[in-house]
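S.K.: This is coords23.pdb, which holds PDB, C-alpha atoms, pLDDT in the B column:
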```pdb
ATOM      1  CA  MET K   1      -8.422   5.433 -11.865  1.00 96.00           C
ATOM      2  CA  SER K   2     -10.817   4.188  -9.263  1.00 98.00           C
ATOM      3  CA  ILE K   3     -10.033   3.290  -5.676  1.00 98.00           C
ATOM      4  CA  GLU K   4     -12.398   1.556  -3.291  1.00 98.00           C
ATOM      5  CA  PHE K   5     -11.511   1.566   0.392  1.00 98.00           C
ATOM      6  CA  ILE K   6     -12.853  -1.312   2.499  1.00 98.00           C
ATOM      7  CA  VAL K   7     -12.541  -1.376   6.278  1.00 98.00           C
ATOM      8  CA  ASP K   8     -12.639  -4.939   7.607  1.00 97.00           C
ATOM      9  CA  VAL K   9     -11.248  -4.277  11.072  1.00 96.00           C
ATOM     10  CA  GLY K  10     -12.864  -2.960  14.221  1.00 94.00           C
ATOM     11  CA  GLY K  11     -11.832   0.271  15.881  1.00 94.00           C
ATOM     12  CA  PHE K  12     -10.717   1.961  12.675  1.00 96.00           C
ATOM     13  CA  THR K  13     -12.446   4.488  10.458  1.00 96.00           C
ATOM     14  CA  PHE K  14     -10.940   5.636   7.177  1.00 98.00           C
ATOM     15  CA  GLU K  15     -11.641   9.269   6.364  1.00 95.00           C
ATOM     16  CA  SER K  16      -8.833  10.229   3.959  1.00 97.00           C
ATOM     17  CA  LYS K  17     -10.222   8.985   0.660  1.00 98.00           C
ATOM     18  CA  ASP K  18      -9.684  12.243  -1.256  1.00 98.00           C
ATOM     19  CA  LEU K  19      -6.093  12.660  -0.051  1.00 98.00           C
ATOM     20  CA  TYR K  20      -5.197   9.076  -0.945  1.00 98.00           C
ATOM     21  CA  GLN K  21      -6.765   9.335  -4.395  1.00 98.00           C
ATOM     22  CA  THR K  22      -4.850  12.551  -5.065  1.00 98.00           C
ATOM     23  CA  LYS K  23      -1.567  11.036  -3.867  1.00 98.00           C
ATOM     24  CA  ALA K  24      -2.118   7.918  -5.995  1.00 98.00           C
ATOM     25  CA  GLN K  25      -2.961  10.002  -9.079  1.00 98.00           C
ATOM     26  CA  THR K  26       0.170  12.113  -8.585  1.00 98.00           C
ATOM     27  CA  LEU K  27       2.394   9.056  -8.146  1.00 98.00           C
ATOM     28  CA  LEU K  28       0.946   7.322 -11.204  1.00 98.00           C
ATOM     29  CA  GLY K  29       1.393  10.423 -13.335  1.00 98.00           C
ATOM     30  CA  LEU K  30       4.950  11.176 -12.260  1.00 98.00           C
ATOM     31  CA  GLU K  31       5.918   7.512 -12.679  1.00 98.00           C
ATOM     32  CA  HIS K  32       4.435   7.570 -16.212  1.00 98.00           C
ATOM     33  CA  PHE K  33       2.016   4.765 -15.439  1.00 97.00           C
ATOM     34  CA  ASN K  34      -0.441   5.024 -18.309  1.00 95.00           C
ATOM     35  CA  LYS K  35      -2.882   2.246 -17.469  1.00 97.00           C
ATOM     36  CA  ASP K  36      -6.233   2.748 -15.805  1.00 98.00           C
ATOM     37  CA  LEU K  37      -5.814   1.526 -12.220  1.00 98.00           C
ATOM     38  CA  ILE K  38      -8.782  -0.177 -10.588  1.00 98.00           C
ATOM     39  CA  LEU K  39      -7.785  -0.649  -6.972  1.00 98.00           C
ATOM     40  CA  GLN K  40      -9.321  -2.040  -3.822  1.00 98.00           C
ATOM     41  CA  VAL K  41      -7.612  -1.133  -0.543  1.00 98.00           C
ATOM     42  CA  ILE K  42      -8.661  -3.441   2.269  1.00 98.00           C
ATOM     43  CA  PHE K  43      -7.794  -2.582   5.871  1.00 98.00           C
ATOM     44  CA  LEU K  44      -7.391  -5.683   8.087  1.00 98.00           C
ATOM     45  CA  ASP K  45      -5.925  -6.820  11.380  1.00 98.00           C
ATOM     46  CA  ASP K  46      -2.566  -8.539  11.904  1.00 98.00           C
ATOM     47  CA  GLU K  47      -3.926 -12.064  12.216  1.00 98.00           C
ATOM     48  CA  THR K  48      -5.937 -11.909   8.986  1.00 98.00           C
ATOM     49  CA  LEU K  49      -3.004 -10.542   7.005  1.00 98.00           C
ATOM     50  CA  LEU K  50      -0.672 -13.119   8.572  1.00 98.00           C
ATOM     51  CA  LEU K  51      -2.962 -15.912   7.337  1.00 98.00           C
ATOM     52  CA  MET K  52      -2.936 -14.398   3.845  1.00 97.00           C
ATOM     53  CA  ASN K  53       0.848 -14.005   3.954  1.00 97.00           C
ATOM     54  CA  LYS K  54       1.202 -17.697   4.821  1.00 97.00           C
ATOM     55  CA  GLU K  55      -1.375 -18.930   2.325  1.00 97.00           C
ATOM     56  CA  PHE K  56      -0.478 -16.870  -0.738  1.00 96.00           C
ATOM     57  CA  LEU K  57       3.194 -16.015  -0.258  1.00 95.00           C
ATOM     58  CA  ASN K  58       4.456 -18.798   2.043  1.00 96.00           C
ATOM     59  CA  HIS K  59       5.741 -16.168   4.487  1.00 96.00           C
ATOM     60  CA  ASP K  60       5.228 -16.934   8.167  1.00 97.00           C
ATOM     61  CA  TYR K  61       5.559 -13.426   9.562  1.00 96.00           C
ATOM     62  CA  TYR K  62       3.537 -10.273  10.109  1.00 97.00           C
ATOM     63  CA  THR K  63       3.620  -7.618   7.422  1.00 97.00           C
ATOM     64  CA  ASP K  64       2.088  -4.200   6.994  1.00 98.00           C
ATOM     65  CA  ILE K  65       0.949  -4.692   3.395  1.00 98.00           C
ATOM     66  CA  ILE K  66       0.439  -7.289   0.698  1.00 98.00           C
ATOM     67  CA  THR K  67       0.034  -6.083  -2.866  1.00 98.00           C
ATOM     68  CA  PHE K  68      -1.791  -8.282  -5.363  1.00 97.00           C
ATOM     69  CA  PRO K  69      -1.996  -7.413  -9.040  1.00 97.00           C
ATOM     70  CA  ILE K  70      -5.190  -9.277  -9.992  1.00 97.00           C
ATOM     71  CA  GLU K  71      -5.610  -8.736 -13.718  1.00 97.00           C
ATOM     72  CA  GLU K  72      -3.623  -6.703 -16.206  1.00 96.00           C
ATOM     73  CA  SER K  73      -4.334  -5.826 -19.807  1.00 97.00           C
ATOM     74  CA  GLU K  74      -2.813  -3.351 -22.228  1.00 96.00           C
ATOM     75  CA  ASP K  75      -5.002  -0.551 -20.835  1.00 97.00           C
ATOM     76  CA  THR K  76      -5.946  -1.568 -17.294  1.00 98.00           C
ATOM     77  CA  LEU K  77      -4.474  -2.908 -14.069  1.00 98.00           C
ATOM     78  CA  GLU K  78      -6.819  -4.300 -11.449  1.00 98.00           C
ATOM     79  CA  ALA K  79      -5.177  -4.776  -8.055  1.00 98.00           C
ATOM     80  CA  GLU K  80      -5.738  -5.153  -4.329  1.00 98.00           C
ATOM     81  CA  LEU K  81      -3.778  -3.765  -1.398  1.00 98.00           C
ATOM     82  CA  TYR K  82      -4.264  -5.470   1.980  1.00 98.00           C
ATOM     83  CA  ILE K  83      -3.047  -3.302   4.854  1.00 98.00           C
ATOM     84  CA  SER K  84      -2.704  -4.363   8.498  1.00 98.00           C
ATOM     85  CA  ILE K  85      -3.874  -1.540  10.746  1.00 98.00           C
ATOM     86  CA  ASP K  86      -2.183  -3.259  13.724  1.00 98.00           C
ATOM     87  CA  ARG K  87       1.179  -3.348  11.962  1.00 98.00           C
ATOM     88  CA  VAL K  88       0.835   0.268  10.810  1.00 98.00           C
ATOM     89  CA  ARG K  89       0.186   1.330  14.434  1.00 98.00           C
ATOM     90  CA  ASP K  90       3.228  -0.609  15.668  1.00 98.00           C
ATOM     91  CA  ASN K  91       5.472   0.728  12.896  1.00 97.00           C
ATOM     92  CA  ALA K  92       4.365   4.310  13.567  1.00 98.00           C
ATOM     93  CA  GLN K  93       5.382   3.897  17.218  1.00 98.00           C
ATOM     94  CA  LYS K  94       8.722   2.319  16.296  1.00 97.00           C
ATOM     95  CA  GLU K  95       9.465   5.072  13.763  1.00 95.00           C
ATOM     96  CA  ASP K  96       8.220   7.784  16.149  1.00 97.00           C
ATOM     97  CA  ASP K  97       5.797   8.960  13.471  1.00 97.00           C
ATOM     98  CA  SER K  98       2.065   9.517  13.404  1.00 98.00           C
ATOM     99  CA  PHE K  99      -0.343   6.749  12.518  1.00 98.00           C
ATOM    100  CA  SER K 100      -1.728   8.813   9.615  1.00 97.00           C
ATOM    101  CA  ASN K 101       1.752   9.358   8.117  1.00 97.00           C
ATOM    102  CA  GLU K 102       2.634   5.678   8.422  1.00 98.00           C
ATOM    103  CA  LEU K 103      -0.650   4.595   6.867  1.00 98.00           C
ATOM    104  CA  LEU K 104      -0.105   6.898   3.902  1.00 98.00           C
ATOM    105  CA  ARG K 105       3.473   5.644   3.523  1.00 98.00           C
ATOM    106  CA  VAL K 106       2.290   2.027   3.440  1.00 98.00           C
ATOM    107  CA  PHE K 107      -0.415   2.875   0.883  1.00 98.00           C
ATOM    108  CA  LEU K 108       2.158   4.604  -1.361  1.00 98.00           C
ATOM    109  CA  HIS K 109       4.484   1.622  -0.900  1.00 98.00           C
ATOM    110  CA  GLY K 110       1.791  -0.649  -2.342  1.00 98.00           C
ATOM    111  CA  ILE K 111       1.208   1.663  -5.321  1.00 98.00           C
ATOM    112  CA  LEU K 112       4.965   1.781  -5.954  1.00 98.00           C
ATOM    113  CA  HIS K 113       4.979  -2.024  -6.142  1.00 98.00           C
ATOM    114  CA  LEU K 114       2.194  -1.845  -8.724  1.00 98.00           C
ATOM    115  CA  VAL K 115       4.208   0.492 -10.945  1.00 97.00           C
ATOM    116  CA  GLY K 116       7.227  -1.815 -10.805  1.00 97.00           C
ATOM    117  CA  TYR K 117       9.353  -0.971  -7.767  1.00 98.00           C
ATOM    118  CA  LYS K 118      10.678  -3.798  -5.649  1.00 97.00           C
ATOM    119  CA  ASP K 119      12.140  -3.977  -2.156  1.00 95.00           C
ATOM    120  CA  ASP K 120      13.961  -7.296  -2.243  1.00 94.00           C
ATOM    121  CA  THR K 121      17.515  -5.930  -1.897  1.00 97.00           C
ATOM    122  CA  ALA K 122      19.122  -3.259   0.277  1.00 98.00           C
ATOM    123  CA  GLN K 123      19.478  -0.931  -2.738  1.00 98.00           C
ATOM    124  CA  ALA K 124      15.877  -1.515  -3.862  1.00 98.00           C
ATOM    125  CA  LYS K 125      14.646  -0.833  -0.303  1.00 97.00           C
ATOM    126  CA  LYS K 126      16.598   2.426  -0.249  1.00 98.00           C
ATOM    127  CA  ILE K 127      15.061   3.530  -3.544  1.00 98.00           C
ATOM    128  CA  MET K 128      11.592   2.492  -2.372  1.00 98.00           C
ATOM    129  CA  ARG K 129      11.960   4.500   0.861  1.00 97.00           C
ATOM    130  CA  GLU K 130      13.173   7.544  -1.096  1.00 98.00           C
ATOM    131  CA  LYS K 131      10.167   7.304  -3.421  1.00 98.00           C
ATOM    132  CA  GLU K 132       7.792   6.939  -0.466  1.00 98.00           C
ATOM    133  CA  SER K 133       9.264  10.049   1.142  1.00 97.00           C
ATOM    134  CA  PHE K 134       9.093  12.009  -2.100  1.00 98.00           C
ATOM    135  CA  TYR K 135       5.407  11.222  -2.690  1.00 98.00           C
ATOM    136  CA  MET K 136       4.522  11.778   0.973  1.00 97.00           C
ATOM    137  CA  SER K 137       5.740  15.338   0.739  1.00 96.00           C
ATOM    138  CA  TYR K 138       4.745  16.106  -2.873  1.00 94.00           C
TER     139      TYR K 138
END
```
Translate the structure described by the file into structure tokens.

M.R.:
Amino acid sequence: MSIEFIVDVGGFTFESKDLYQTKAQTLLGLEHFNKDLILQVIFLDDETLLLMNKEFLNHDYYTDIITFPIEESEDTLEAELYISIDRVRDNAQKEDDSFSNELLRVFLHGILHLVGYKDDTAQAKKIMREKESFYMSY
């Protein structure tokens, strides 16, 4: 597994690389994901992610994360996670949680999508939230 973190937004510094790599490795192992994950995590602002959401997914609304599987083979999955720092800040306030907890939750949410979890129904959202909480505290 390799994870590259790219900050493309002002006023934000990412200093949790080791924690995030450990959390991702734990999640992948416990979910029995046996492919080598090559991941780029790109931190953006709301407006940039909104443009991507419109262009690639035809969704005209703000989101905290977009997960793109780029290329998959029998042994490897290459993917990108685009995370809106603005949305993470707003969600942390709404949920009365810390920014760092919300950012980790969103990161884990993206990894869960890559291993096959969805959040397109109420039941799937419930399962996704339970998995996020489990891996946050593991």

S.K.: Where does the PyMOL selection byres ((chain K and resi 25) around 12) land in this file, that is, which residues does it pick, as number ranges by chain?

M.R.: K: 1-3, 18-24, 26-39, 108, 111-112, 135, 138

S.K.: I need the residue set behind the PyMOL selection byres ((chain K and resi 116-120) around 12) for this file; please write it as a CSV table (one decimal) with C-alpha atoms, in the frame of the given file.

M.R.:
```
chain,number,residue,atom,x,y,z
K,28,LEU,CA,0.9,7.3,-11.2
K,31,GLU,CA,5.9,7.5,-12.7
K,32,HIS,CA,4.4,7.6,-16.2
K,33,PHE,CA,2.0,4.8,-15.4
K,67,THR,CA,0.0,-6.1,-2.9
K,69,PRO,CA,-2.0,-7.4,-9.0
K,108,LEU,CA,2.2,4.6,-1.4
K,109,HIS,CA,4.5,1.6,-0.9
K,110,GLY,CA,1.8,-0.6,-2.3
K,111,ILE,CA,1.2,1.7,-5.3
K,112,LEU,CA,5.0,1.8,-6.0
K,113,HIS,CA,5.0,-2.0,-6.1
K,114,LEU,CA,2.2,-1.8,-8.7
K,115,VAL,CA,4.2,0.5,-10.9
K,121,THR,CA,17.5,-5.9,-1.9
K,122,ALA,CA,19.1,-3.3,0.3
K,123,GLN,CA,19.5,-0.9,-2.7
K,124,ALA,CA,15.9,-1.5,-3.9
K,125,LYS,CA,14.6,-0.8,-0.3
K,126,LYS,CA,16.6,2.4,-0.2
K,127,ILE,CA,15.1,3.5,-3.5
K,128,MET,CA,11.6,2.5,-2.4
K,129,ARG,CA,12.0,4.5,0.9
K,130,GLU,CA,13.2,7.5,-1.1
K,131,LYS,CA,10.2,7.3,-3.4
K,132,GLU,CA,7.8,6.9,-0.5
```

S.K.: In Å, with one decimal, what is the gap from atom CA of K:Asp86 to atom CA of K:Asp64?

M.R.: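 According to the coordinates, atom CA of K:Asp86 and atom CA of K:Asp64 are separated by 8.0 Å.
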
S.K.: Residue by residue, what does the PyMOL selection byres ((chain K and resi 82-84) around 7) grab here? Present the result as a ChimeraX atom specification.

M.R.: /K:41-46,49,64-67,80-81,85-88

S.K.: Determine the nearest neighbour of K:Gln40 from the options K:Glu72, K:Asp97, K:Glu78, K:Glu15, counting all atoms listed in the file.

M.R.: K:Glu78

S.K.: I'd like the interatomic distance between atom CA of K:Ile70 and atom CA of K:Ser16, to a tenth of an Å.

M.R.: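 Rounded to one decimal, the two atoms are 24.3 Å apart.
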
S.K.: Do you know which residues are at most 10 Å from stretch 89-91 of chain K counting all atoms listed in the file, after dropping those on the same chain fewer than 6 positions away, and could you put them as a list in words?

M.R.: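 The filter keeps Asp64, Asp97, Ser98, Phe99, Ser100, Glu102 and Leu103 of chain K.
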
S.K.: For the atom pair atom CA of K:Met136 and atom CA of K:Val106, what is the interatomic distance in Å to one decimal place?

M.R.: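 It comes out at 10.3 Å.
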
S.K.: Calculated over all atoms listed in the file, which of the candidates K:Leu51, K:Asp96, K:Thr63, K:Ala79 has the smallest distance to K:Glu4?

M.R.: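 Of K:Leu51, K:Asp96, K:Thr63, K:Ala79, the one nearest K:Glu4, counting all atoms listed in the file, is K:Ala79.
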
S.K.: Please determine an axis-aligned box that encloses all atoms of stretch 112-128 of chain K listed in the file, with 6 Å added on each side, and express its centre and edge lengths in Å to one decimal as lines of an AutoDock Vina configuration file.

M.R.:
```
center_x = 10.8
center_y = -1.9
center_z = -5.3
size_x = 29.3
size_y = 22.8
size_z = 23.2
```

S.K.: Can you work out which one of K:Glu74, K:Met52, K:Phe12, K:Ser137 has the shortest atom-to-atom distance to K:Arg105, counting only C-alpha atoms?

M.R.: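 When distances to K:Arg105 are compared using only C-alpha atoms, the smallest one comes from K:Ser137.
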